[in-house]
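Everything below belongs to query21.txt, which stores compact mmCIF, C-alpha atoms.
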```
# COMPACT_ATOMS: atom_id res chain seq x y z
CA MET P 1 -4.95 6.17 1.37
CA PRO P 2 -3.68 9.31 -0.36
CA PHE P 3 -5.51 9.30 -3.66
CA GLN P 4 -5.53 12.98 -4.72
CA PRO P 5 -8.09 13.75 -7.45
CA GLU P 6 -6.89 17.36 -7.71
CA LEU P 7 -3.72 16.01 -9.32
CA THR P 8 -5.52 14.38 -12.22
CA ARG P 9 -4.59 17.13 -14.66
CA GLN P 10 -0.91 16.26 -14.29
CA ALA P 11 -0.81 13.18 -16.47
CA THR P 12 2.83 13.16 -17.59
CA MET P 13 5.92 11.91 -15.81
CA ALA P 14 9.50 10.98 -16.53
CA THR P 15 10.32 7.32 -17.15
CA VAL P 16 11.90 5.70 -14.10
CA THR P 17 13.92 2.50 -14.36
CA SER P 18 13.46 -0.01 -11.54
CA THR P 19 16.56 -0.80 -9.52
CA PRO P 20 17.57 -4.34 -8.49
CA ALA P 21 16.12 -5.84 -5.32
CA THR P 22 19.44 -5.32 -3.53
CA VAL P 23 18.91 -1.58 -3.14
CA THR P 24 20.30 0.43 -0.26
CA THR P 25 18.26 2.78 1.89
CA SER P 26 18.82 5.73 -0.46
CA ASP P 27 18.40 3.90 -3.80
CA TRP P 28 14.62 3.50 -3.55
CA LYS P 29 14.20 7.24 -4.08
CA THR P 30 15.53 6.88 -7.63
CA GLY P 31 13.38 3.85 -8.49
CA LEU P 32 11.65 1.00 -6.70
CA PRO P 33 12.97 -2.55 -6.89
CA VAL P 34 10.84 -5.40 -8.20
CA LEU P 35 9.69 -7.63 -5.34
CA THR P 36 8.77 -11.15 -6.39
CA GLY P 37 6.04 -13.27 -4.82
CA SER P 38 5.01 -16.82 -5.63
CA SER P 39 2.41 -15.80 -8.22
CA PHE P 40 2.84 -12.05 -8.67
CA THR P 41 5.34 -9.21 -8.62
CA LEU P 42 5.36 -5.82 -6.92
CA ARG P 43 6.89 -3.03 -9.00
CA GLU P 44 6.72 0.71 -9.58
CA LEU P 45 3.48 1.98 -11.08
CA ARG P 46 3.54 2.81 -14.80
CA LEU P 47 1.24 5.00 -16.87
CA ASP P 48 -0.15 1.96 -18.69
CA ASP P 49 -1.45 0.66 -15.33
CA ALA P 50 -4.08 3.41 -15.31
CA PRO P 51 -6.85 1.55 -17.22
CA SER P 52 -6.53 -1.63 -15.14
CA LEU P 53 -6.45 0.32 -11.87
CA LEU P 54 -9.58 2.17 -12.94
CA ALA P 55 -11.31 -1.15 -13.61
CA MET P 56 -10.14 -2.83 -10.41
CA LEU P 57 -10.28 -0.10 -7.76
CA THR P 58 -13.45 1.79 -8.61
CA THR P 59 -15.92 -1.06 -8.09
CA GLU P 60 -18.25 -0.52 -5.16
CA GLU P 61 -16.93 -3.46 -3.13
CA VAL P 62 -13.38 -2.08 -3.30
CA ALA P 63 -13.96 1.68 -3.27
CA ARG P 64 -16.40 1.79 -0.35
CA PHE P 65 -13.62 1.43 2.21
CA ILE P 66 -10.89 3.63 0.68
CA SER P 67 -10.56 7.34 0.02
CA PRO P 68 -12.30 8.13 -3.27
CA PRO P 69 -10.08 6.93 -6.14
CA PRO P 70 -9.84 8.74 -9.46
CA THR P 71 -12.78 8.09 -11.76
CA THR P 72 -11.05 8.32 -15.15
CA VAL P 73 -7.94 6.97 -16.86
CA PRO P 74 -6.36 10.47 -16.92
CA GLY P 75 -7.16 10.71 -13.23
CA PHE P 76 -5.20 7.54 -12.49
CA GLU P 77 -2.38 8.77 -14.75
CA GLY P 78 -2.21 11.89 -12.60
CA PHE P 79 -2.13 9.75 -9.47
CA ILE P 80 0.68 7.61 -10.90
CA ALA P 81 2.68 10.74 -11.76
CA TRP P 82 2.16 11.97 -8.20
CA THR P 83 3.43 8.66 -6.73
CA HIS P 84 6.68 9.04 -8.66
CA ARG P 85 7.21 12.62 -7.51
CA GLU P 86 6.55 11.73 -3.89
CA ARG P 87 8.89 8.73 -4.08
CA GLN P 88 11.62 10.95 -5.51
CA ALA P 89 11.03 13.35 -2.60
CA GLY P 90 11.52 10.45 -0.18
CA THR P 91 8.08 10.68 1.43
CA TYR P 92 6.06 7.92 -0.22
CA VAL P 93 6.28 4.48 -1.82
CA CYS P 94 3.65 2.81 -4.00
CA PHE P 95 3.96 -0.71 -5.43
CA ALA P 96 1.77 -2.06 -8.22
CA VAL P 97 0.46 -5.61 -7.74
CA VAL P 98 0.93 -7.52 -11.00
CA PRO P 99 -0.23 -11.17 -11.13
CA GLU P 100 1.83 -13.73 -13.00
CA GLY P 101 0.99 -13.72 -16.69
CA MET P 102 -0.25 -10.12 -16.65
CA ASP P 103 1.48 -6.86 -17.55
CA THR P 104 -0.67 -4.35 -15.68
CA ALA P 105 -1.64 -3.74 -12.06
CA VAL P 106 -4.67 -5.14 -10.24
CA GLY P 107 -3.96 -3.30 -6.99
CA ILE P 108 -1.49 -1.26 -4.98
CA PHE P 109 0.41 -1.19 -1.70
CA GLN P 110 1.29 2.26 -0.35
CA VAL P 111 3.62 3.45 2.42
CA ARG P 112 3.57 7.14 3.41
CA SER P 113 5.92 8.86 5.83
CA ILE P 114 4.10 10.67 8.64
CA GLU P 115 7.20 12.02 10.36
CA PRO P 116 10.55 13.27 9.01
CA GLY P 117 12.91 10.47 8.06
CA PHE P 118 10.21 7.81 7.61
CA GLY P 119 10.55 6.63 11.23
CA THR P 120 6.78 6.32 11.52
CA ALA P 121 4.75 5.65 8.40
CA GLU P 122 1.22 4.77 7.37
CA TRP P 123 0.60 1.94 4.97
CA GLY P 124 -2.45 0.88 3.02
CA PHE P 125 -3.57 -1.39 0.22
CA ALA P 126 -6.30 -1.81 -2.35
CA ILE P 127 -6.65 -4.94 -4.47
CA GLY P 128 -9.26 -5.78 -7.09
CA SER P 129 -11.95 -8.10 -5.72
CA PRO P 130 -11.20 -10.95 -8.19
CA TYR P 131 -7.92 -11.38 -6.29
CA TRP P 132 -9.39 -11.42 -2.80
CA GLY P 133 -8.79 -14.68 -0.99
CA THR P 134 -5.95 -15.72 -3.32
CA GLY P 135 -3.12 -15.07 -0.86
CA VAL P 136 -1.85 -12.09 -2.83
CA PHE P 137 -2.52 -9.69 0.04
CA ALA P 138 -0.83 -11.76 2.77
CA GLU P 139 2.31 -12.47 0.75
CA GLY P 140 2.43 -8.98 -0.77
CA ALA P 141 2.03 -7.37 2.66
CA ARG P 142 5.01 -9.33 3.98
CA LEU P 143 7.15 -8.18 1.07
CA VAL P 144 6.10 -4.57 1.58
CA LEU P 145 6.68 -4.70 5.35
CA ASP P 146 10.13 -6.22 4.84
CA PHE P 147 10.92 -3.42 2.41
CA ALA P 148 9.57 -0.68 4.68
CA PHE P 149 11.46 -1.89 7.75
CA ASP P 150 14.67 -3.25 6.22
CA VAL P 151 15.26 -0.93 3.26
CA VAL P 152 13.40 2.31 3.93
CA GLY P 153 14.22 2.14 7.65
CA ALA P 154 10.78 2.66 9.21
CA HIS P 155 10.45 1.80 12.91
CA ARG P 156 6.66 1.79 13.10
CA LEU P 157 3.89 1.29 10.56
CA GLU P 158 0.29 2.28 11.13
CA ALA P 159 -2.79 1.22 9.19
CA ARG P 160 -6.38 2.40 9.40
CA ALA P 161 -9.39 0.34 8.40
CA ALA P 162 -13.07 1.17 8.70
CA VAL P 163 -14.74 -0.79 11.49
CA ALA P 164 -17.24 -2.12 8.96
CA ASN P 165 -14.41 -3.47 6.77
CA GLY P 166 -14.30 -6.94 8.28
CA ARG P 167 -12.11 -8.37 5.52
CA GLY P 168 -9.52 -5.61 5.82
CA ASN P 169 -9.36 -5.78 9.61
CA GLY P 170 -9.09 -9.55 9.54
CA ALA P 171 -6.25 -9.39 7.02
CA LEU P 172 -4.31 -6.93 9.18
CA ARG P 173 -4.79 -9.10 12.25
CA LYS P 174 -3.58 -12.22 10.42
CA ILE P 175 -0.26 -10.66 9.45
CA GLY P 176 0.46 -9.67 13.06
CA ALA P 177 -0.74 -6.07 13.29
CA VAL P 178 -1.87 -4.98 16.76
CA GLN P 179 -5.19 -3.21 17.26
CA GLU P 180 -4.23 -0.03 19.12
CA GLY P 181 -7.33 2.10 19.19
CA LEU P 182 -10.53 3.37 17.65
CA LEU P 183 -10.56 6.57 15.60
CA ARG P 184 -14.08 7.93 15.89
CA ARG P 185 -15.70 9.36 12.76
CA SER P 186 -12.32 9.63 11.08
CA PHE P 187 -13.34 8.48 7.60
CA GLN P 188 -16.00 9.98 5.35
CA ARG P 189 -17.55 8.18 2.41
CA HIS P 190 -20.67 9.14 0.46
CA GLY P 191 -21.52 11.78 3.03
CA GLN P 192 -21.35 9.39 5.98
CA GLN P 193 -18.72 9.38 8.71
CA HIS P 194 -17.25 6.06 9.83
CA ASP P 195 -15.12 4.91 12.74
CA GLN P 196 -11.75 3.36 11.92
CA VAL P 197 -9.57 0.84 13.72
CA LEU P 198 -5.95 1.93 14.20
CA TRP P 199 -3.45 -0.91 13.70
CA GLY P 200 0.28 -0.79 14.46
CA ILE P 201 3.30 -2.93 13.63
CA LEU P 202 6.74 -2.26 15.11
CA ALA P 203 9.94 -3.20 13.30
CA ASP P 204 11.22 -5.25 16.26
CA ASP P 205 7.96 -7.18 16.55
CA TRP P 206 7.91 -7.83 12.81
CA ARG P 207 11.44 -9.20 12.81
CA LEU P 208 10.65 -11.42 15.79
CA GLN P 209 7.60 -12.77 13.99
CA ARG P 210 9.62 -13.32 10.83
CA ARG P 211 12.20 -15.44 12.69
CA SER P 212 9.66 -17.55 14.54
CA PRO P 213 8.32 -20.76 12.92
CA LEU P 214 5.04 -20.13 14.77
CA PRO P 215 2.78 -17.06 14.74
CA VAL P 216 3.82 -14.48 17.33
CA VAL P 217 1.00 -12.87 19.30
CA VAL P 218 1.89 -9.32 20.35
CA THR P 219 -0.09 -7.93 23.28
CA HIS P 220 1.06 -4.38 23.87
```

What would you get if you wrote out this structure as structure tokens?
Amino acid sequence: MPFQPELTRQATMATVTSTPATVTTSDWKTGLPVLTGSSFTLRELRLDDAPSLLAMLTTEEVARFISPPPTTVPGFEGFIAWTHRERQAGTYVCFAVVPEGMDTAVGIFQVRSIEPGFGTAEWGFAIGSPYWGTGVFAEGARLVLDFAFDVVGAHRLEARAAVANGRGNGALRKIGAVQEGLLRRSFQRHGQQHDQVLWGILADDWRLQRRSPLPVVVTH
């Protein structure tokens, strides 16, 4: 997950107005739509999300399996500014997770292009532990995958999760991701190197799963 602490000094950004959910492939670069779940919304990050993201994503149970997040409110403001610049450049998308009845984010979903044109992308997520097990991840992931495949135009999405992250790996499996390999010592945290599981989802497989009334098991 591309948290970049070196950007924390850049804490200002232009205001971006969200576009309607019926955006075309090019519109998302000028502003993300609001995606609506049953008990939450996904929207563009705002500067006033920084304090809540600091509170939610820097706890040990959340931060131990992600790249080191910023450790201050200005640090998260710099990260938020960076997400807007990268979205405008057409290389990155980041949605804030905002539960019903709240105004600020409790987590994020990210999608990052890893080849020109967004054909193949990496996606990741981090959600505050009070919202684990509430269904926010599963429903939010489906909204983000629909957006990545149908609006952005990705053909393949990859995710990486530390082998020790049983909850994260189980969540990816439940939404239909396919375990494709083991990345040895590919993630470093607190001076220790960890193996990661590589997960993949193809656009065609996702659309087939979406049409089926029953779970589709993909065995590539």

Atom CA of P:Asn165 sits from atom CA of P:Phe65 at a separation of 6.7 Å

What's the 8 Å shell around P:Thr104, counting all atoms listed in the file, without same-chain residues fewer than 3 positions away, as an MDAnalysis selection string?
chainID P and resid 48:49 52 98

So that each row is one residue of stretch 48-132 of chain P with an atom at most 12 Å from stretch 168-181 of chain P, can you give its shortest atom pair and the distance in Å to one decimal, using all atoms listed in the file, rows by chain and rising number, as CSV?
```
residue,atom,partner,partner_atom,distance
P:Glu61,CA,P:Gly168,CA,11.8
P:Val62,CA,P:Gly168,CA,10.5
P:Arg64,CA,P:Gly168,CA,11.8
P:Phe65,CA,P:Gly168,CA,8.9
P:Ile66,CA,P:Gly168,CA,10.7
P:Trp123,CA,P:Leu172,CA,11.0
P:Gly124,CA,P:Gly168,CA,10.0
P:Phe125,CA,P:Gly168,CA,9.2
P:Ala126,CA,P:Gly168,CA,9.6
P:Ile127,CA,P:Gly168,CA,10.7
P:Trp132,CA,P:Gly168,CA,10.4
```

Atom CA of P:Val111 to atom CA of P:Trp199: how many Å, to one decimal?
14.0 Å

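Going from atom CA of P:Arg46 to atom CA of P:Thr59 covers 20.9 Å.
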
If we count all atoms listed in the file and set the cut-off at 10 Å, which residues sit around P:Arg142, ignoring sequence neighbours fewer than 6 positions away in its own chain? Please answer as a list of chain:residue names.
P:Gly37, P:Ala148, P:Ile175, P:Trp206, P:Arg210

Option closest in space to P:Thr91, from P:Glu60, P:Glu115, P:Glu158, P:Glu77 [counting all atoms listed in the file]:
P:Glu115

Between P:Ala81, P:Val93, P:Ile201, P:Val106, which has the minimum distance to P:Phe137 (counting only C-alpha atoms)?
P:Val106

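Among P:Gln188, P:Gln193, P:Gln209, P:Thr30, the residue with the shortest atom-to-atom distance to P:Arg85, counting all atoms listed in the file, is P:Thr30.
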
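Proximity to P:Thr120 was assessed for P:Val163, P:Val144, P:Ala154, P:Ala138 counting all atoms listed in the file; the smallest distance is recorded for P:Ala154.
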
For P:Ser186, work out the shell of residues within 8 Å, counting only C-alpha atoms and skipping chain neighbours fewer than 6 positions away, then give it as a PyMOL selection string.
chain P and resi 193-196

Residues near P:Leu42, anyone? I mean within 9 Å using only C-alpha atoms, not counting same-chain ones fewer than 2 positions away, as a ChimeraX atom specification.
/P:33-37,40,44,95-99,105,108-109,140,143-144

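Residue nearest P:Thr58 within the list P:Gly90, P:Gly75, P:Gly128, P:Pro116: P:Gly128 [criterion: smallest interatomic distance, all atoms listed in the file].
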
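Restricting the calculation to only C-alpha atoms, the smallest distance between P:Asp204 and any of P:Gly117, P:Pro130, P:Gly153, P:Gly101 is found for P:Gly153.
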
Completion step: stretch 96-111 of chain P with N, CA and C atoms as a PDB file, keeping the file's coordinate frame:
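Written file, rebuild_7.pdb:
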```
ATOM      1  N   ALA P  96       2.841  -1.450  -7.440  1.00  0.00           N
ATOM      2  CA  ALA P  96       1.770  -2.060  -8.220  1.00  0.00           C
ATOM      3  C   ALA P  96       1.784  -3.567  -7.978  1.00  0.00           C
ATOM      4  N   VAL P  97       0.602  -4.164  -7.865  1.00  0.00           N
ATOM      5  CA  VAL P  97       0.460  -5.610  -7.740  1.00  0.00           C
ATOM      6  C   VAL P  97       0.158  -6.173  -9.125  1.00  0.00           C
ATOM      7  N   VAL P  98       1.068  -6.996  -9.644  1.00  0.00           N
ATOM      8  CA  VAL P  98       0.930  -7.520 -11.000  1.00  0.00           C
ATOM      9  C   VAL P  98       0.945  -9.044 -10.961  1.00  0.00           C
ATOM     10  N   PRO P  99      -0.193  -9.699 -11.168  1.00  0.00           N
ATOM     11  CA  PRO P  99      -0.230 -11.170 -11.130  1.00  0.00           C
ATOM     12  C   PRO P  99       0.615 -11.784 -12.245  1.00  0.00           C
ATOM     13  N   GLU P 100       1.061 -12.993 -11.998  1.00  0.00           N
ATOM     14  CA  GLU P 100       1.830 -13.730 -13.000  1.00  0.00           C
ATOM     15  C   GLU P 100       1.025 -13.872 -14.282  1.00  0.00           C
ATOM     16  N   GLY P 101       1.664 -13.616 -15.403  1.00  0.00           N
ATOM     17  CA  GLY P 101       0.990 -13.720 -16.690  1.00  0.00           C
ATOM     18  C   GLY P 101       0.312 -12.446 -17.135  1.00  0.00           C
ATOM     19  N   MET P 102       0.349 -11.405 -16.300  1.00  0.00           N
ATOM     20  CA  MET P 102      -0.250 -10.120 -16.650  1.00  0.00           C
ATOM     21  C   MET P 102       0.838  -9.053 -16.727  1.00  0.00           C
ATOM     22  N   ASP P 103       0.525  -7.955 -17.413  1.00  0.00           N
ATOM     23  CA  ASP P 103       1.480  -6.860 -17.550  1.00  0.00           C
ATOM     24  C   ASP P 103       1.076  -5.627 -16.748  1.00  0.00           C
ATOM     25  N   THR P 104      -0.186  -5.557 -16.341  1.00  0.00           N
ATOM     26  CA  THR P 104      -0.670  -4.350 -15.680  1.00  0.00           C
ATOM     27  C   THR P 104      -1.188  -4.665 -14.278  1.00  0.00           C
ATOM     28  N   ALA P 105      -1.360  -3.605 -13.496  1.00  0.00           N
ATOM     29  CA  ALA P 105      -1.640  -3.740 -12.060  1.00  0.00           C
ATOM     30  C   ALA P 105      -3.104  -4.053 -11.782  1.00  0.00           C
ATOM     31  N   VAL P 106      -3.314  -4.859 -10.725  1.00  0.00           N
ATOM     32  CA  VAL P 106      -4.670  -5.140 -10.240  1.00  0.00           C
ATOM     33  C   VAL P 106      -4.867  -4.562  -8.838  1.00  0.00           C
ATOM     34  N   GLY P 107      -3.860  -3.892  -8.315  1.00  0.00           N
ATOM     35  CA  GLY P 107      -3.960  -3.300  -6.990  1.00  0.00           C
ATOM     36  C   GLY P 107      -2.671  -2.579  -6.640  1.00  0.00           C
ATOM     37  N   ILE P 108      -2.660  -2.018  -5.431  1.00  0.00           N
ATOM     38  CA  ILE P 108      -1.490  -1.260  -4.980  1.00  0.00           C
ATOM     39  C   ILE P 108      -1.257  -1.489  -3.495  1.00  0.00           C
ATOM     40  N   PHE P 109       0.000  -1.338  -3.090  1.00  0.00           N
ATOM     41  CA  PHE P 109       0.410  -1.190  -1.700  1.00  0.00           C
ATOM     42  C   PHE P 109       1.090   0.159  -1.572  1.00  0.00           C
ATOM     43  N   GLN P 110       0.726   0.929  -0.551  1.00  0.00           N
ATOM     44  CA  GLN P 110       1.290   2.260  -0.350  1.00  0.00           C
ATOM     45  C   GLN P 110       1.902   2.369   1.034  1.00  0.00           C
ATOM     46  N   VAL P 111       2.996   3.122   1.138  1.00  0.00           N
ATOM     47  CA  VAL P 111       3.620   3.450   2.420  1.00  0.00           C
ATOM     48  C   VAL P 111       3.931   4.945   2.392  1.00  0.00           C
TER      49      VAL P 111
END
```
